[in-house]
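Down below is the structure, laid out as structure tokens.
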Amino acid sequence: MTCQGTIYNSHTADEAIKHCKKCNKCWELMEIEKSKLGRQVINKYVTFYEDFVTYGKAKITCPVCEGKASHAQMLRGLVLHEIIKS
């Protein structure tokens, strides 16, 4: 399983990290590659950032508030919600 962290500057963070006006949290879509039965599978997850600057972030409702994500799980120190519906 690979989970690549991204190092952001202010411009790339504004593009990747969104702000949900419904739950008032900043969130990011992450793709994590897993090996399952000898095949590579890419799962999509949402992670949230607490006490994060919302200025300059796109105002998009997060998949959790839209009911498109599963329960929370912990992976490498991050709380992730797997996206189950697109």
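Quick note on naming: the chains in the structure tokens go A, B, ... in the order shown, residues restart at 1 in each chain, and ligands are numbered from 1 in order of appearance.
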
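For segment 5-78 of chain A, the set of residues given alpha helix (DSSP H) by DSSP on the backbone reads A:Ser10, A:His11, A:Thr12, A:Ala13, A:Asp14, A:Glu15, A:Ala16.
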
Subject >> All residues 7 Å or closer to Trp27 of chain A, only C-alpha atoms, same chain fewer than 4 positions away omitted, as a count of residues only >> reply: 8

Subject >> One-decimal distance in Å that lies between atom CA of Tyr45 of chain A and atom CA of Glu31 of chain A >> reply: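 According to the coordinates, atom CA of Glu31 of chain A and atom CA of Tyr45 of chain A are separated by 6.2 Å.
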
**OP:** Using DSSP on the backbone, list every residue of chain A that comes out as strand (DSSP E or B), and give them as a count of residues only.
**Re:** 42

Original post:
Which neighbours of His71 of chain A fall inside 10 Å, counting only C-alpha atoms, when residues of the same chain fewer than 5 positions from it are skipped, and could you give them as a ChimeraX atom specification?
Top reply: /A:64,79-83

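Closest approach to Asn43 of chain A among A:Leu78, A:Ala69, A:Ala16, A:Ala58: A:Ala69, based on only C-alpha atoms.
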
Original post:
Between A:Gly67, A:Lys36, A:Leu29, A:Val53, which is the closest to Lys85 of chain A once you count only C-alpha atoms?
Top reply: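 Using only C-alpha atoms, Lys85 of chain A sits closest to A:Gly67.
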
**OP:** Write out as a count of residues only each polymer residue whose atoms come within 10 Å of Thr54 of chain A, counting only C-alpha atoms; drop sequence neighbours fewer than 2 positions from it.
**Re:** 15

Subject >> Atom pair atom CA of Tyr55 of chain A / atom CA of Leu75 of chain A: separation (Å) >> reply: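 Atom-to-atom, atom CA of Tyr55 of chain A and atom CA of Leu75 of chain A are spaced 27.7 Å apart.
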